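Student: Structure: data18.csv, CSV, C-alpha atoms and all ligand atoms.
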```
chain,number,residue,atom,x,y,z
L,619,MET,CA,69.7,118.0,149.3
L,620,LYS,CA,72.5,118.0,146.6
L,621,SER,CA,75.1,116.7,149.1
L,622,LYS,CA,72.7,114.0,150.3
L,623,LEU,CA,72.2,112.8,146.7
L,624,GLY,CA,76.0,112.9,146.2
L,625,PHE,CA,76.5,110.8,149.4
L,626,LEU,CA,73.9,108.3,148.2
L,627,PHE,CA,75.5,108.1,144.8
L,628,ARG,CA,78.9,107.4,146.3
L,629,LEU,CA,77.4,104.8,148.7
L,630,ALA,CA,75.7,103.1,145.8
L,631,GLN,CA,79.0,103.1,143.9
L,632,LYS,CA,80.9,101.6,146.8
L,633,CYS,CA,78.2,98.9,147.2
L,634,VAL,CA,78.6,98.0,143.5
L,635,ILE,CA,82.4,97.8,143.9
L,636,LEU,CA,82.0,95.6,147.0
L,637,LEU,CA,79.6,93.3,145.3
L,638,ALA,CA,81.9,93.0,142.2
L,639,TYR,CA,84.8,92.2,144.6
L,640,LEU,CA,82.7,89.6,146.5
L,641,SER,CA,81.6,88.0,143.3
L,642,SER,CA,85.2,87.6,142.0
L,643,ARG,CA,86.2,86.2,145.4
L,644,ARG,CA,83.4,83.6,145.2
L,645,THR,CA,84.5,82.6,141.7
L,646,ARG,CA,88.1,82.1,142.9
L,647,LEU,CA,86.9,80.2,146.0
L,648,ILE,CA,84.9,77.8,143.8
L,649,ARG,CA,88.0,77.3,141.5
L,650,ASN,CA,90.2,76.5,144.5
L,651,LEU,CA,87.6,74.1,146.1
L,652,PHE,CA,86.9,72.3,142.8
L,653,PRO,CA,90.1,72.6,140.7
L,654,SER,CA,89.4,71.6,137.1
L,655,GLN,CA,91.4,69.0,135.2
L,656,TRP,CA,91.3,71.5,132.2
L,657,THR,CA,93.3,74.6,131.5
L,658,LYS,CA,93.5,76.9,128.5
L,659,ALA,CA,96.3,77.3,125.9
L,660,GLY,CA,96.5,79.9,123.2
L,661,THR,CA,95.9,83.7,123.1
L,662,CYS,CA,93.1,86.2,122.6
L,663,PHE,CA,92.5,87.1,118.9
L,664,GLN,CA,90.1,89.8,119.9
L,665,CYS,CA,87.3,88.4,117.8
L,666,GLY,CA,84.7,89.8,120.2
L,667,ALA,CA,82.6,86.6,120.4
L,668,CYS,CA,82.7,86.6,124.2
L,669,CYS,CA,81.0,90.1,124.3
L,670,ASP,CA,78.5,89.2,121.6
L,671,PHE,CA,77.4,86.2,123.6
L,672,PRO,CA,78.7,86.1,127.2
L,673,THR,CA,78.2,82.5,128.3
L,674,ILE,CA,78.1,80.9,131.7
L,675,VAL,CA,78.5,77.2,132.5
L,676,ARG,CA,76.5,75.6,135.3
L,677,PRO,CA,76.2,72.0,136.6
L,678,ASP,CA,73.3,69.8,135.3
L,679,PHE,CA,71.0,70.4,138.3
L,680,PHE,CA,70.7,74.1,137.3
L,681,PHE,CA,69.0,72.9,134.1
L,682,ARG,CA,66.8,70.5,135.9
L,683,HIS,CA,65.4,73.0,138.4
L,684,PRO,CA,63.6,75.9,136.6
L,685,HIS,CA,63.6,78.2,139.8
L,686,LEU,CA,67.3,77.9,140.1
L,687,PHE,CA,67.8,78.4,136.4
L,688,ASN,CA,65.5,81.5,136.4
L,689,PHE,CA,67.3,82.9,139.5
L,690,ILE,CA,70.7,82.6,137.8
L,691,VAL,CA,69.4,84.2,134.6
L,692,LYS,CA,67.7,87.1,136.5
L,693,TRP,CA,70.9,87.6,138.6
L,694,HIS,CA,73.0,88.0,135.5
L,695,GLU,CA,70.5,90.3,133.9
L,696,PHE,CA,70.1,92.5,136.9
L,697,TRP,CA,73.8,92.7,138.0
L,698,TYR,CA,75.7,92.5,134.7
L,699,GLY,CA,73.2,94.0,132.2
L,700,PHE,CA,73.1,90.8,130.3
L,701,ARG,CA,69.9,89.6,128.4
L,702,PHE,CA,69.0,85.9,128.2
L,703,TYR,CA,69.6,84.6,124.7
L,704,GLN,CA,69.5,80.8,124.7
L,705,CYS,CA,70.0,77.8,126.8
L,706,ARG,CA,72.4,75.0,125.6
L,707,PRO,CA,71.9,72.2,128.2
L,708,GLU,CA,73.9,69.8,126.1
L,709,HIS,CA,77.0,71.9,126.9
L,710,ASN,CA,75.7,73.1,130.3
L,711,GLN,CA,75.7,76.6,128.9
L,712,ILE,CA,73.4,79.6,129.4
L,713,VAL,CA,74.0,82.2,126.6
L,714,PHE,CA,73.3,85.9,127.0
L,715,THR,CA,73.7,89.1,125.0
L,716,CYS,CA,75.1,92.2,126.7
L,717,THR,CA,73.6,95.7,127.0
L,718,HIS,CA,77.0,97.2,127.7
L,719,LEU,CA,78.4,96.3,124.2
L,720,THR,CA,78.4,99.6,122.2
L,721,PRO,CA,77.9,99.8,118.4
L,722,GLU,CA,81.7,100.5,118.3
L,723,ARG,CA,82.1,97.1,119.9
L,724,THR,CA,83.6,98.5,123.1
L,725,CYS,CA,82.4,98.0,126.7
L,726,ASP,CA,80.6,101.0,128.2
L,727,ASP,CA,81.2,99.6,131.7
L,728,TYR,CA,84.8,98.4,131.3
L,729,ALA,CA,86.0,99.4,134.8
L,730,TYR,CA,83.2,97.5,136.4
L,731,ARG,CA,82.8,94.6,134.0
L,732,PRO,CA,82.1,91.2,135.7
L,733,GLN,CA,84.9,88.9,136.7
L,734,MET,CA,83.8,86.4,134.0
L,735,CYS,CA,84.5,89.0,131.3
L,736,ARG,CA,88.0,89.6,132.8
L,737,ASP,CA,88.8,85.9,132.9
L,738,TYR,CA,87.1,84.6,129.7
L,739,PRO,CA,87.5,81.9,128.8
L,740,GLU,CA,87.5,80.8,132.4
L,741,ILE,CA,88.0,77.2,133.5
L,742,THR,CA,85.7,76.6,136.4
L,743,THR,CA,84.2,73.6,134.7
L,744,TRP,CA,85.3,70.6,136.7
L,745,PHE,CA,82.1,68.9,135.6
L,746,VAL,CA,82.2,69.2,131.9
L,747,LYS,CA,84.9,69.7,129.1
L,748,PRO,CA,85.1,73.5,128.4
L,749,ASP,CA,83.6,74.5,125.1
L,750,PHE,CA,85.0,77.8,123.7
L,751,PHE,CA,83.7,79.8,120.8
L,752,PRO,CA,84.9,78.5,117.4
L,753,THR,CA,86.6,81.8,116.7
L,754,CYS,CA,88.3,82.0,120.1
L,755,GLY,CA,92.1,82.0,120.1
L,756,PHE,CA,92.1,79.8,123.2
L,757,ARG,CA,91.5,76.1,123.3
L,758,PRO,CA,90.9,73.8,126.3
L,759,VAL,CA,93.6,71.3,127.1
L,760,ARG,CA,93.9,68.8,129.9
L,761,LYS,CA,96.4,70.0,132.5
L,762,THR,CA,98.6,67.0,132.1
L,763,ASP,CA,98.7,67.5,128.3
L,764,TYR,CA,99.4,71.2,128.8
L,765,GLU,CA,102.4,70.5,131.1
L,766,ILE,CA,103.8,68.1,128.5
L,767,GLU,CA,103.2,70.6,125.7
L,768,LYS,CA,105.0,73.3,127.8
L,769,ALA,CA,107.9,71.0,128.6
L,770,VAL,CA,108.3,70.0,124.9
L,771,ALA,CA,108.2,73.7,123.8
L,772,GLN,CA,110.8,74.6,126.4
L,773,PHE,CA,113.0,71.7,125.3
L,774,LYS,CA,112.8,72.8,121.7
L,775,TYR,CA,113.6,76.4,122.7
L,776,ASP,CA,116.6,75.3,124.7
L,777,TRP,CA,117.8,73.0,122.0
L,778,GLN,CA,117.6,75.7,119.4
L,779,ALA,CA,119.5,78.2,121.6
L,780,TYR,CA,122.1,75.5,122.3
L,781,SER,CA,122.5,74.7,118.6
L,782,LYS,CA,122.8,78.4,117.7
L,783,GLN,CA,125.5,78.9,120.4
L,784,THR,CA,127.5,75.9,119.2
L,785,GLU,CA,127.3,77.1,115.6
L,786,ASN,CA,128.5,80.5,116.6
L,787,ASN,CA,131.4,79.0,118.6
L,788,ASN,CA,132.4,76.8,115.7
L,789,GLN,CA,132.3,79.8,113.3
L,790,ASN,CA,134.4,81.9,115.7
L,791,ASN,CA,137.0,79.1,116.0
L,792,GLU,CA,137.1,78.6,112.2
L,793,SER,CA,137.6,82.4,111.6
L,794,ARG,CA,140.4,82.5,114.2
L,795,GLY,CA,142.2,79.7,112.5
L,796,PRO,CA,144.8,77.3,114.2
L,797,ASP,CA,146.8,78.8,117.0
K,1,LIG,S1,80.1,93.7,130.3
K,1,LIG,FE1,81.6,94.6,128.8
K,1,LIG,S2,83.2,93.0,128.7
K,1,LIG,FE2,81.5,92.0,129.6
K,1,LIG,S3,80.3,91.1,127.9
K,1,LIG,FE3,79.5,93.1,128.2
K,1,LIG,S4,80.6,94.4,126.8
K,1,LIG,FE4,81.8,92.6,127.1
K,2,LIG,S1,86.2,84.8,122.2
K,2,LIG,FE1,88.4,84.4,122.7
K,2,LIG,S2,89.6,85.3,121.1
K,2,LIG,FE2,87.5,86.2,121.0
K,2,LIG,S3,87.7,88.1,122.2
K,2,LIG,FE3,86.9,86.5,123.5
K,2,LIG,S4,88.8,85.6,124.5
K,2,LIG,FE4,89.4,86.8,122.7
```
Let me see the structure of the file written as structure tokens.
Ligand code: SF4
Ligand code: SF4

Tutor:
Amino acid sequence: MKSKLGFLFRLAQKCVILLAYLSSRRTRLIRNLFPSQWTKAGTCFQCGACCDFPTIVRPDFFFRHPHLFNFIVKWHEFWYGFRFYQCRPEHNQIVFTCTHLTPERTCDDYAYRPQMCRDYPEITTWFVKPDFFPTCGFRPVRKTDYEIEKAVAQFKYDWQAYSKQTENNNQNNESRGPD
């Protein structure tokens, strides 16, 4: 009996891992099929807002069809341990709280956390401008602007390195004196 229970437990574990994997593949597939014009810049400040209120973004028709809306809410509640908190149709957002967030503000299911938690803030939103938490260290930027920002930053970096090198060479030449 004990070994049977052990087998069932391992089987259930593998099913959860498989579903988590399929869910992450589905997310990536959607991203590849509908690449967003937005990307993110910045870094994580570890403010914790994305665990306080895990938020998903869905196209308009989810908000117009209650059965679809309810399905997506129940899905996230059942699979991810989220609890519905509020709907923000003006930003295409469904906001949850999370039962995995401990009083110490850690995740009690870190190894199996959903892909959306691993990727936050994810840019799957080809249909609306991403809207991050005000305390988030990331900010949404258009891909073209991002490329320009990156090129300018790289140019500044190269220019500073070049100036420094030239300055060092001049100092070396001066200290050596005329041949
Ligand atoms: S599952 Fe873990 S990482 Fe995801 S929102 Fe909940 S506490 Fe945060
Ligand atoms: S909201 Fe942004 S800055 Fe805060 S923990 Fe999440 S990713 Fe990091």

Student: 7 Å from ligand LIG 2 (chain K) is the threshold here; counting all atoms listed in the file, which polymer residues fall inside it? Answer as a ChimeraX atom specification.

Tutor: /L:661-669,738-739,751,753-756

Student: One decimal, Å: what's the distance from CA of Tyr698 (chain L) over to CA of Phe750 (chain L), could you say?

Tutor: 20.6 Å

Student: So how many Å separate CA of Phe700 (chain L) and CA of Thr717 (chain L), to one decimal?

Tutor: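 CA of Thr717 (chain L) lies at a distance of 5.9 Å from CA of Phe700 (chain L).
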
Student: Against ligand LIG 1 (chain K), which residues of chain L fall within 9 Å? For each one I want the closest pair of atoms and the distance in Å (one decimal), counting only C-alpha atoms and all ligand atoms, rows by chain and increasing residue number, as a Markdown table.

Tutor:
```
| residue | atom | partner | partner_atom | distance |
| --- | --- | --- | --- | --- |
| L:Gly666 | CA | K:LIG1 | FE4 | 8.0 |
| L:Cys668 | CA | K:LIG1 | S3 | 6.3 |
| L:Cys669 | CA | K:LIG1 | S3 | 3.8 |
| L:Asp670 | CA | K:LIG1 | S3 | 6.8 |
| L:Phe671 | CA | K:LIG1 | S3 | 7.1 |
| L:Pro672 | CA | K:LIG1 | S3 | 5.3 |
| L:Thr673 | CA | K:LIG1 | S3 | 8.9 |
| L:Tyr698 | CA | K:LIG1 | S1 | 6.3 |
| L:Gly699 | CA | K:LIG1 | S1 | 7.2 |
| L:Phe700 | CA | K:LIG1 | FE3 | 7.1 |
| L:Phe714 | CA | K:LIG1 | S3 | 8.8 |
| L:Thr715 | CA | K:LIG1 | S3 | 7.5 |
| L:Cys716 | CA | K:LIG1 | FE3 | 4.7 |
| L:Thr717 | CA | K:LIG1 | FE3 | 6.6 |
| L:His718 | CA | K:LIG1 | S4 | 4.6 |
| L:Leu719 | CA | K:LIG1 | S4 | 3.9 |
| L:Thr720 | CA | K:LIG1 | S4 | 7.3 |
| L:Arg723 | CA | K:LIG1 | S4 | 7.6 |
| L:Thr724 | CA | K:LIG1 | S4 | 6.3 |
| L:Cys725 | CA | K:LIG1 | S4 | 4.0 |
| L:Asp726 | CA | K:LIG1 | FE1 | 6.5 |
| L:Asp727 | CA | K:LIG1 | FE1 | 5.8 |
| L:Tyr728 | CA | K:LIG1 | FE1 | 5.6 |
| L:Ala729 | CA | K:LIG1 | FE1 | 8.9 |
| L:Tyr730 | CA | K:LIG1 | S1 | 7.8 |
| L:Arg731 | CA | K:LIG1 | S1 | 4.7 |
| L:Pro732 | CA | K:LIG1 | FE2 | 6.2 |
| L:Gln733 | CA | K:LIG1 | FE2 | 8.5 |
| L:Met734 | CA | K:LIG1 | FE2 | 7.5 |
| L:Cys735 | CA | K:LIG1 | FE2 | 4.6 |
| L:Arg736 | CA | K:LIG1 | S2 | 7.2 |
```

Student: Quick one: distance from CA of Gly624 (chain L) to CA of Lys692 (chain L) in Å, one decimal?

Tutor: 28.8 Å

Student: Got a sec: who's within 6 Å of Trp656 (chain L), counting only C-alpha atoms, leaving out chain neighbours fewer than 5 positions off, as a list in words?

Tutor: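 Once the nearby chain positions are removed, what remains is Val759, Arg760 and Lys761 of chain L.
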
Student: Which residue out of L:Glu740, L:Glu722, L:Glu695, L:Asp678 has the minimum interatomic distance to Pro758 (chain L) when only C-alpha atoms are used?

Tutor: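 That would be L:Glu740, the residue with the smallest distance to Pro758 (chain L).
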
Student: Using all atoms listed in the file, can you tell me which of L:Lys747, L:Asp763, L:Trp697, L:Val675 comes closest to Val713 (chain L)?

Tutor: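 Result for the nearest residue to Val713 (chain L): L:Val675.
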
Student: Counting all atoms listed in the file, which residue out of L:Thr657, L:Arg757, L:Ser641, L:Arg649 sits closest to His694 (chain L)?

Tutor: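 Distance minimum relative to His694 (chain L) lands on L:Ser641.
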
Student: N, CA and C atoms are what I want for region 683-710 of chain L; can you complete it accordingly and write them as an mmCIF file, in the coordinates of the input?

Tutor:
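Saved result, selection09.cif, follows:
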```
data_model
loop_
_atom_site.group_PDB
_atom_site.id
_atom_site.type_symbol
_atom_site.label_atom_id
_atom_site.label_comp_id
_atom_site.auth_asym_id
_atom_site.auth_seq_id
_atom_site.Cartn_x
_atom_site.Cartn_y
_atom_site.Cartn_z
ATOM 1 N N HIS L 683 66.211 72.307 137.423
ATOM 2 C CA HIS L 683 65.400 73.000 138.400
ATOM 3 C C HIS L 683 65.077 74.445 137.825
ATOM 4 N N PRO L 684 63.875 74.657 137.273
ATOM 5 C CA PRO L 684 63.600 75.900 136.600
ATOM 6 C C PRO L 684 63.743 77.140 137.564
ATOM 7 N N HIS L 685 63.420 77.003 138.885
ATOM 8 C CA HIS L 685 63.600 78.200 139.800
ATOM 9 C C HIS L 685 65.022 78.562 139.929
ATOM 10 N N LEU L 686 65.911 77.562 139.982
ATOM 11 C CA LEU L 686 67.300 77.900 140.100
ATOM 12 C C LEU L 686 67.843 78.504 138.774
ATOM 13 N N PHE L 687 67.377 77.907 137.682
ATOM 14 C CA PHE L 687 67.800 78.400 136.400
ATOM 15 C C PHE L 687 67.320 79.866 136.203
ATOM 16 N N ASN L 688 66.037 80.140 136.570
ATOM 17 C CA ASN L 688 65.500 81.500 136.400
ATOM 18 C C ASN L 688 66.283 82.470 137.338
ATOM 19 N N PHE L 689 66.617 81.999 138.552
ATOM 20 C CA PHE L 689 67.300 82.900 139.500
ATOM 21 C C PHE L 689 68.691 83.286 138.879
ATOM 22 N N ILE L 690 69.401 82.321 138.342
ATOM 23 C CA ILE L 690 70.700 82.600 137.800
ATOM 24 C C ILE L 690 70.643 83.531 136.577
ATOM 25 N N VAL L 691 69.591 83.338 135.778
ATOM 26 C CA VAL L 691 69.400 84.200 134.600
ATOM 27 C C VAL L 691 69.085 85.629 135.071
ATOM 28 N N LYS L 692 68.138 85.761 136.011
ATOM 29 C CA LYS L 692 67.700 87.100 136.500
ATOM 30 C C LYS L 692 68.929 87.799 137.152
ATOM 31 N N TRP L 693 69.735 87.036 137.904
ATOM 32 C CA TRP L 693 70.900 87.600 138.600
ATOM 33 C C TRP L 693 71.854 88.240 137.573
ATOM 34 N N HIS L 694 72.121 87.508 136.507
ATOM 35 C CA HIS L 694 73.000 88.000 135.500
ATOM 36 C C HIS L 694 72.432 89.193 134.725
ATOM 37 N N GLU L 695 71.114 89.150 134.547
ATOM 38 C CA GLU L 695 70.500 90.300 133.900
ATOM 39 C C GLU L 695 70.492 91.517 134.728
ATOM 40 N N PHE L 696 70.212 91.335 136.011
ATOM 41 C CA PHE L 696 70.100 92.500 136.900
ATOM 42 C C PHE L 696 71.512 93.085 137.207
ATOM 43 N N TRP L 697 72.481 92.227 137.568
ATOM 44 C CA TRP L 697 73.800 92.700 138.000
ATOM 45 C C TRP L 697 74.706 93.114 136.843
ATOM 46 N N TYR L 698 74.648 92.323 135.795
ATOM 47 C CA TYR L 698 75.700 92.500 134.700
ATOM 48 C C TYR L 698 75.109 93.162 133.486
ATOM 49 N N GLY L 699 73.788 93.399 133.435
ATOM 50 C CA GLY L 699 73.200 94.000 132.200
ATOM 51 C C GLY L 699 73.160 93.048 131.069
ATOM 52 N N PHE L 700 73.183 91.741 131.358
ATOM 53 C CA PHE L 700 73.100 90.800 130.300
ATOM 54 C C PHE L 700 71.584 90.557 129.951
ATOM 55 N N ARG L 701 71.313 89.969 128.786
ATOM 56 C CA ARG L 701 69.900 89.600 128.400
ATOM 57 C C ARG L 701 69.971 88.142 127.967
ATOM 58 N N PHE L 702 69.018 87.364 128.502
ATOM 59 C CA PHE L 702 69.000 85.900 128.200
ATOM 60 C C PHE L 702 68.847 85.747 126.651
ATOM 61 N N TYR L 703 69.648 84.864 126.093
ATOM 62 C CA TYR L 703 69.600 84.600 124.700
ATOM 63 C C TYR L 703 69.147 83.182 124.361
ATOM 64 N N GLN L 704 69.886 82.237 124.889
ATOM 65 C CA GLN L 704 69.500 80.800 124.700
ATOM 66 C C GLN L 704 70.108 79.925 125.720
ATOM 67 N N CYS L 705 69.493 78.752 125.857
ATOM 68 C CA CYS L 705 70.000 77.800 126.800
ATOM 69 C C CYS L 705 70.552 76.590 125.989
ATOM 70 N N ARG L 706 71.759 76.142 126.356
ATOM 71 C CA ARG L 706 72.400 75.000 125.600
ATOM 72 C C ARG L 706 72.707 73.922 126.665
ATOM 73 N N PRO L 707 71.667 73.217 127.155
ATOM 74 C CA PRO L 707 71.900 72.200 128.200
ATOM 75 C C PRO L 707 72.877 71.133 127.819
ATOM 76 N N GLU L 708 72.964 70.850 126.510
ATOM 77 C CA GLU L 708 73.900 69.800 126.100
ATOM 78 C C GLU L 708 75.333 70.157 126.371
ATOM 79 N N HIS L 709 75.612 71.461 126.504
ATOM 80 C CA HIS L 709 77.000 71.900 126.900
ATOM 81 C C HIS L 709 76.980 72.582 128.241
ATOM 82 N N ASN L 710 75.883 72.461 128.992
ATOM 83 C CA ASN L 710 75.700 73.100 130.300
ATOM 84 C C ASN L 710 75.850 74.617 130.247
#
```
